[in-house]
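This report concerns only the one structure given below.
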Amino acid sequence: MIKKGLLGLLIAAGTFMGCQENDPEVALDQQSKVDMSDFYVHTDEYEAKGTSKKQKQCYSMQVLNRQLNEIPGLYKKMYDVEYATRKFINAKGKPVKGGGSNGGDGNSSDVDVTPINDNLGIINIPVYVHIVYSNSNQNISNAQVTSQINVLNQDFRKANSDLNLPSGSTFENDATDAGIEFTLAGTFRYANSNTAWGTNNAVKSAYPPITPNTHLNIWVAEIGGGILGYAQFPGGNSATDGVVISPQYFGTTGYVSAPFNKGRTGTHEVGHYLNLRHIWGDGRCRQDDFVVDTPSSDGPNYGCPTFPTVNCKTTDMTMNYMDYTDDACMYMFTDGQRNRMRALFNNGGARASLIGN
């Protein structure tokens, strides 16, 4: 026979558990549980094969691989950023609104993601541009700088005039306005006899970032080796935070070089700065880019591929800014990428300090 006191405790416990099930705060906490089982940071080096065509080269992942070996604790910092990103997105609900064929291969599924409501409105990022030049061509004009800022604003607001999604593709449901804008806060010019700066952040050491916690710093300097640009992901050292782009791939006018003359190197690298991985996950079907509405792929696409291009049994989103296609053939972010970027700006997020400056 159960004593009255014990019976009362059991009833109270049952009542408390029942209340927990109906408590929206508890339900939200349960919904926010984060699966990190697929998380990775270090990636395979990707070597393009079988073509001599001029190809896009972003060195962000190679730089990250090196920094992981050199900087104690970087993996943990990036893990924490990823955990916070997923927790924030999960807490806003399961933003999936449907599925269907992924553009023609018959074996894949495309997931449409709903933009989360984070109550942040239009996010403005102030930008400092550091022009480091060894000749007059590299000392790019103010007009060229302005053209790159304009491209960033158009691409991150889905205001680009070249948006041209394939007819009949469900990708047309995925193109998004990320709600992020950029304001030029200052341009700095430095004459230097160094003709190539490489990818070891030497240009940042020579000309350190200005208030990187409140401003995006972009160095326009010749990298060399045919490398277009590289960026630092959230969680890295503030002394090297920002983006480096070779001058001939920066903006749309002046000293620019086709087919990378439409400012999309800037869009791509700022995407990395805002925590976007390459569209193929740098893992040849084995790793993901952590975005549910970008299909898996086995590697980058180059040039202007004919749609559809199928890899990993899915149709590649070759027009995504985080692929390697020519500037003229990339023209969208997805809703999932939007959510991932904007998660950085919530209270306590890795890029939250950029807001309001």
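A note on labels: chains of the structure tokens are A, B, ... as shown, every chain counts residues from 1, and ligands are counted from 1 in their shown order.
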
Proximity check range 230-284 of chain A to range 68-80 of chain A, 9 Å, nearest pairs one decimal Å, only C-alpha atoms, as a Markdown table:
```
| residue | atom | partner | partner_atom | distance |
| --- | --- | --- | --- | --- |
| A:Phe233 | CA | A:Met78 | CA | 8.2 |
| A:Pro234 | CA | A:Met78 | CA | 7.1 |
| A:Gly235 | CA | A:Met78 | CA | 5.3 |
| A:Gly236 | CA | A:Leu74 | CA | 6.6 |
| A:Asn237 | CA | A:Leu74 | CA | 8.5 |
```

DSSP strand (DSSP E) selection over range 116-177 of chain A, as a ChimeraX atom specification: /A:123-133

Write the residues of the selection above to a file with N, CA and C atoms, as a CSV table (one decimal), in the first residue's frame.
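Now in part-v9.csv:
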```csv
chain,number,residue,atom,x,y,z
A,123,ILE,N,20.1,43.6,-42.3
A,123,ILE,CA,21.4,43.7,-41.6
A,123,ILE,C,22.4,44.4,-42.4
A,124,ASN,N,23.0,45.5,-41.9
A,124,ASN,CA,24.0,46.2,-42.6
A,124,ASN,C,25.4,45.9,-42.1
A,125,ILE,N,26.3,45.6,-43.0
A,125,ILE,CA,27.7,45.3,-42.6
A,125,ILE,C,28.6,46.5,-43.1
A,126,PRO,N,29.3,47.2,-42.2
A,126,PRO,CA,30.2,48.2,-42.7
A,126,PRO,C,31.5,47.6,-43.2
A,127,VAL,N,32.1,48.1,-44.2
A,127,VAL,CA,33.3,47.5,-44.9
A,127,VAL,C,34.4,48.4,-45.0
A,128,TYR,N,35.6,48.0,-44.6
A,128,TYR,CA,36.9,48.7,-44.8
A,128,TYR,C,37.6,47.9,-46.0
A,129,VAL,N,38.0,48.7,-47.0
A,129,VAL,CA,38.8,48.1,-48.1
A,129,VAL,C,40.2,48.6,-48.0
A,130,HIS,N,41.1,47.6,-48.0
A,130,HIS,CA,42.6,48.0,-48.0
A,130,HIS,C,43.2,47.6,-49.4
A,131,ILE,N,43.6,48.6,-50.1
A,131,ILE,CA,44.2,48.4,-51.4
A,131,ILE,C,45.7,48.4,-51.3
A,132,VAL,N,46.3,47.2,-51.6
A,132,VAL,CA,47.8,47.1,-51.5
A,132,VAL,C,48.3,46.9,-52.9
A,133,TYR,N,49.1,47.8,-53.4
A,133,TYR,CA,49.5,47.7,-54.8
A,133,TYR,C,51.0,47.9,-55.0
```

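Around Ser141 in chain A, within 10 Å and counting only C-alpha atoms, the residues found are A:Ile131, A:Ser136, A:Asn137, A:Gln138, A:Gln144, A:Val145, A:Thr146, A:Ser147, A:Thr253, A:Gly254, A:Tyr255, once anything fewer than 3 positions away on its own chain is removed.
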
Neighbours of Ala196 in chain A within 6 Å (only C-alpha atoms; same-chain residues fewer than 4 positions away dropped), as a list in words?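 Final neighbour list, sorted by chain and number: Glu222, Ile223 and Gly224 of chain A.
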
Write out as a ChimeraX atom specification which residues come within 12 Å of Ala206 in chain A when counting only C-alpha atoms, dropping same-chain ones fewer than 3 positions away. /A:130,132,190-192,194,197,200-203,209,219,221,239-240

Mind checking which residues fall within 10 Å of range 175-188 of chain A, counting only C-alpha atoms, ignoring those fewer than 3 positions away in the same chain, and posting them as a compact mmCIF listing (two decimals) with C-alpha atoms, in the first residue's frame?
```txt
# COMPACT_ATOMS: atom_id res chain seq x y z
CA ASP A 112 12.49 23.89 -50.03
CA THR A 114 11.37 28.57 -45.29
CA PRO A 115 13.29 31.73 -44.35
CA LEU A 120 16.71 41.37 -37.22
CA GLY A 121 15.38 43.14 -40.30
CA ILE A 122 17.89 44.21 -42.92
CA ILE A 123 21.40 43.66 -41.58
CA ASN A 124 24.02 46.21 -42.62
CA ILE A 125 27.73 45.34 -42.58
CA PRO A 126 30.24 48.22 -42.70
CA VAL A 127 33.26 47.48 -44.90
CA TYR A 128 36.86 48.68 -44.84
CA VAL A 129 38.77 48.11 -48.09
CA HIS A 130 42.58 47.95 -47.99
CA ILE A 131 44.18 48.36 -51.43
CA VAL A 132 47.77 47.10 -51.47
CA ASN A 142 37.32 54.20 -56.26
CA VAL A 145 35.70 49.55 -55.23
CA THR A 146 32.17 50.95 -55.46
CA GLN A 148 32.17 45.56 -55.82
CA ILE A 149 30.10 46.98 -52.96
CA ASN A 150 27.20 47.31 -55.41
CA VAL A 151 27.55 43.65 -56.44
CA LEU A 152 27.52 42.51 -52.82
CA ASN A 153 24.34 44.49 -52.18
CA GLN A 154 22.65 43.14 -55.29
CA ASP A 155 23.63 39.51 -54.71
CA PHE A 156 22.83 39.35 -50.99
CA ARG A 157 19.47 41.09 -51.58
CA LYS A 158 18.46 39.03 -54.63
CA ALA A 159 18.47 42.25 -56.64
CA LEU A 163 18.95 35.88 -61.90
CA LEU A 165 16.87 30.00 -62.94
CA THR A 170 12.59 23.48 -58.42
CA PHE A 171 15.68 25.57 -57.75
CA GLU A 172 13.53 28.57 -58.61
CA TYR A 207 48.31 46.02 -42.85
CA HIS A 215 33.71 45.87 -39.60
CA LEU A 216 34.31 43.50 -42.48
CA ASN A 217 37.86 44.07 -43.71
CA ILE A 218 38.69 43.29 -47.35
CA TRP A 219 42.25 43.39 -48.65
CA MET A 319 24.32 28.62 -60.28
CA ASN A 320 24.94 28.94 -56.54
CA TYR A 331 23.47 34.12 -59.37
CA MET A 332 21.82 32.82 -56.19
CA PHE A 333 21.95 31.91 -52.52
CA THR A 334 19.31 29.59 -51.06
CA ASP A 335 16.94 30.10 -48.15
CA GLY A 336 18.97 27.57 -46.17
CA GLN A 337 22.14 29.54 -46.79
CA ARG A 338 20.31 32.71 -45.79
CA ASN A 339 19.26 31.17 -42.48
CA ARG A 340 22.78 29.95 -41.82
CA MET A 341 24.34 33.36 -42.46
CA ARG A 342 21.79 35.28 -40.44
CA ASN A 357 28.06 50.19 -36.64
```

Extract, using only C-alpha atoms, all DNA, RNA and protein residues at most 8 Å from range 278-286 of chain A, discarding same-chain residues fewer than 5 positions from it, and format them as a VMD selection string. chain A and resid 43 to 46 294 to 300 312 317 320 322 to 323

Go ahead and dump the residues you just picked, all heavy atoms, as a CSV table (one decimal), in the first residue's frame.
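out_4.csv written:
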```csv
chain,number,residue,atom,x,y,z
A,43,THR,N,39.3,19.5,-44.4
A,43,THR,CA,38.8,19.0,-45.6
A,43,THR,C,39.9,18.4,-46.5
A,43,THR,O,41.1,18.8,-46.3
A,43,THR,CB,38.0,20.0,-46.4
A,43,THR,OG1,38.9,21.1,-46.7
A,43,THR,CG2,36.8,20.5,-45.7
A,44,ASP,N,39.6,17.6,-47.5
A,44,ASP,CA,40.5,17.2,-48.5
A,44,ASP,C,40.9,18.3,-49.4
A,44,ASP,O,40.1,19.2,-49.7
A,44,ASP,CB,39.9,16.0,-49.3
A,44,ASP,CG,39.6,14.8,-48.5
A,44,ASP,OD1,40.3,14.6,-47.5
A,44,ASP,OD2,38.7,14.0,-48.9
A,45,GLU,N,42.2,18.3,-49.9
A,45,GLU,CA,42.6,19.2,-50.9
A,45,GLU,C,41.9,18.8,-52.2
A,45,GLU,O,41.9,17.6,-52.5
A,45,GLU,CB,44.1,19.2,-51.1
A,45,GLU,CG,44.8,19.6,-49.8
A,45,GLU,CD,44.7,21.1,-49.4
A,45,GLU,OE1,44.4,21.9,-50.3
A,45,GLU,OE2,44.8,21.4,-48.2
A,46,TYR,N,41.4,19.7,-52.9
A,46,TYR,CA,40.7,19.3,-54.2
A,46,TYR,C,41.6,19.8,-55.3
A,46,TYR,O,41.9,21.0,-55.5
A,46,TYR,CB,39.3,20.0,-54.3
A,46,TYR,CG,38.6,19.5,-55.6
A,46,TYR,CD1,37.8,18.3,-55.5
A,46,TYR,CD2,38.8,20.1,-56.8
A,46,TYR,CE1,37.2,17.8,-56.7
A,46,TYR,CE2,38.2,19.6,-57.9
A,46,TYR,CZ,37.4,18.5,-57.9
A,46,TYR,OH,36.8,18.0,-59.0
A,294,THR,N,20.7,22.7,-50.5
A,294,THR,CA,21.7,22.6,-51.5
A,294,THR,C,22.1,21.2,-51.8
A,294,THR,O,22.5,20.5,-50.8
A,294,THR,CB,23.0,23.4,-51.1
A,294,THR,OG1,23.5,22.9,-49.9
A,294,THR,CG2,22.7,24.9,-51.0
A,295,PRO,N,21.9,20.6,-53.0
A,295,PRO,CA,22.1,19.2,-53.2
A,295,PRO,C,23.6,18.8,-53.0
A,295,PRO,O,24.5,19.6,-53.2
A,295,PRO,CB,21.7,19.1,-54.7
A,295,PRO,CG,20.8,20.2,-55.0
A,295,PRO,CD,21.4,21.3,-54.1
A,296,SER,N,23.8,17.6,-52.7
A,296,SER,CA,25.1,17.0,-52.6
A,296,SER,C,25.8,17.0,-54.0
A,296,SER,O,25.2,16.9,-55.0
A,296,SER,CB,25.1,15.6,-52.1
A,296,SER,OG,24.6,15.6,-50.8
A,297,SER,N,27.1,17.1,-54.0
A,297,SER,CA,27.9,17.1,-55.2
A,297,SER,C,29.3,16.5,-54.9
A,297,SER,O,29.7,16.4,-53.8
A,297,SER,CB,28.0,18.4,-55.9
A,297,SER,OG,28.7,18.4,-57.1
A,298,ASP,N,30.0,16.0,-56.0
A,298,ASP,CA,31.3,15.4,-55.8
A,298,ASP,C,32.4,16.3,-56.0
A,298,ASP,O,33.6,15.9,-55.8
A,298,ASP,CB,31.4,14.2,-56.7
A,298,ASP,CG,31.5,14.5,-58.2
A,298,ASP,OD1,31.2,15.7,-58.5
A,298,ASP,OD2,31.9,13.7,-59.0
A,299,GLY,N,32.2,17.6,-56.3
A,299,GLY,CA,33.2,18.5,-56.5
A,299,GLY,C,32.7,19.8,-57.2
A,299,GLY,O,31.5,19.9,-57.5
A,300,PRO,N,33.6,20.7,-57.4
A,300,PRO,CA,33.2,22.0,-58.0
A,300,PRO,C,32.9,21.9,-59.5
A,300,PRO,O,33.3,21.0,-60.2
A,300,PRO,CB,34.4,22.9,-57.8
A,300,PRO,CG,35.6,22.0,-57.7
A,300,PRO,CD,35.0,20.7,-57.1
A,312,CYS,N,26.5,12.7,-57.5
A,312,CYS,CA,26.0,12.1,-56.2
A,312,CYS,C,24.5,11.8,-56.3
A,312,CYS,O,23.8,11.9,-55.3
A,312,CYS,CB,26.3,13.1,-55.1
A,312,CYS,SG,28.0,13.5,-54.9
A,317,MET,N,23.6,22.4,-58.1
A,317,MET,CA,23.1,23.8,-58.1
A,317,MET,C,24.3,24.6,-58.6
A,317,MET,O,24.9,25.4,-57.8
A,317,MET,CB,22.7,24.2,-56.7
A,317,MET,CG,21.9,25.5,-56.7
A,317,MET,SD,21.3,25.9,-55.0
A,317,MET,CE,19.9,24.8,-54.9
A,320,ASN,N,24.8,28.4,-57.9
A,320,ASN,CA,24.9,28.9,-56.5
A,320,ASN,C,26.3,29.7,-56.4
A,320,ASN,O,27.3,29.3,-56.9
A,320,ASN,CB,24.9,27.8,-55.5
A,320,ASN,CG,24.7,28.2,-54.1
A,320,ASN,OD1,25.6,28.7,-53.5
A,320,ASN,ND2,23.5,28.1,-53.6
A,322,MET,N,28.3,29.7,-54.2
A,322,MET,CA,29.4,29.0,-53.5
A,322,MET,C,29.9,27.8,-54.3
A,322,MET,O,30.6,26.9,-53.8
A,322,MET,CB,28.9,28.5,-52.1
A,322,MET,CG,28.4,29.6,-51.2
A,322,MET,SD,29.5,31.0,-51.0
A,322,MET,CE,30.9,30.3,-50.2
A,323,ASP,N,29.6,27.8,-55.6
A,323,ASP,CA,30.3,26.8,-56.5
A,323,ASP,C,31.4,27.5,-57.1
A,323,ASP,O,31.8,28.6,-56.7
A,323,ASP,CB,29.3,26.3,-57.5
A,323,ASP,CG,29.6,25.0,-58.1
A,323,ASP,OD1,30.8,24.6,-58.1
A,323,ASP,OD2,28.7,24.3,-58.6
```

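The interatomic distance for the pair CA of Leu64 in chain A and CA of Lys204 in chain A works out to 15.3 Å.
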
Can you list, as number ranges by chain, every residue of range 54-248 of chain A that DSSP puts in alpha helix (DSSP H)? A: 60-70, 74-91, 142-156, 202-206

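The shortest atom-to-atom distance to Pro308 in chain A, with only C-alpha atoms taken into account, belongs to A:Ser169 out of A:Asn275, A:Thr211, A:Ser193, A:Ser169.
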
Between CA of Phe290 in chain A and CA of Arg277 in chain A, what is the distance in Å, rounded to a tenth?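 These atoms are spaced 7.8 Å apart.
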
Let me make sure I understand: among A:Ala231, A:Asn311, A:Asp118, A:Lys56, which one has the smallest atom-to-atom distance to Asn347 in chain A if we use only C-alpha atoms?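 Going through A:Ala231, A:Asn311, A:Asp118, A:Lys56 one by one, the smallest distance to Asn347 in chain A is for A:Asp118.
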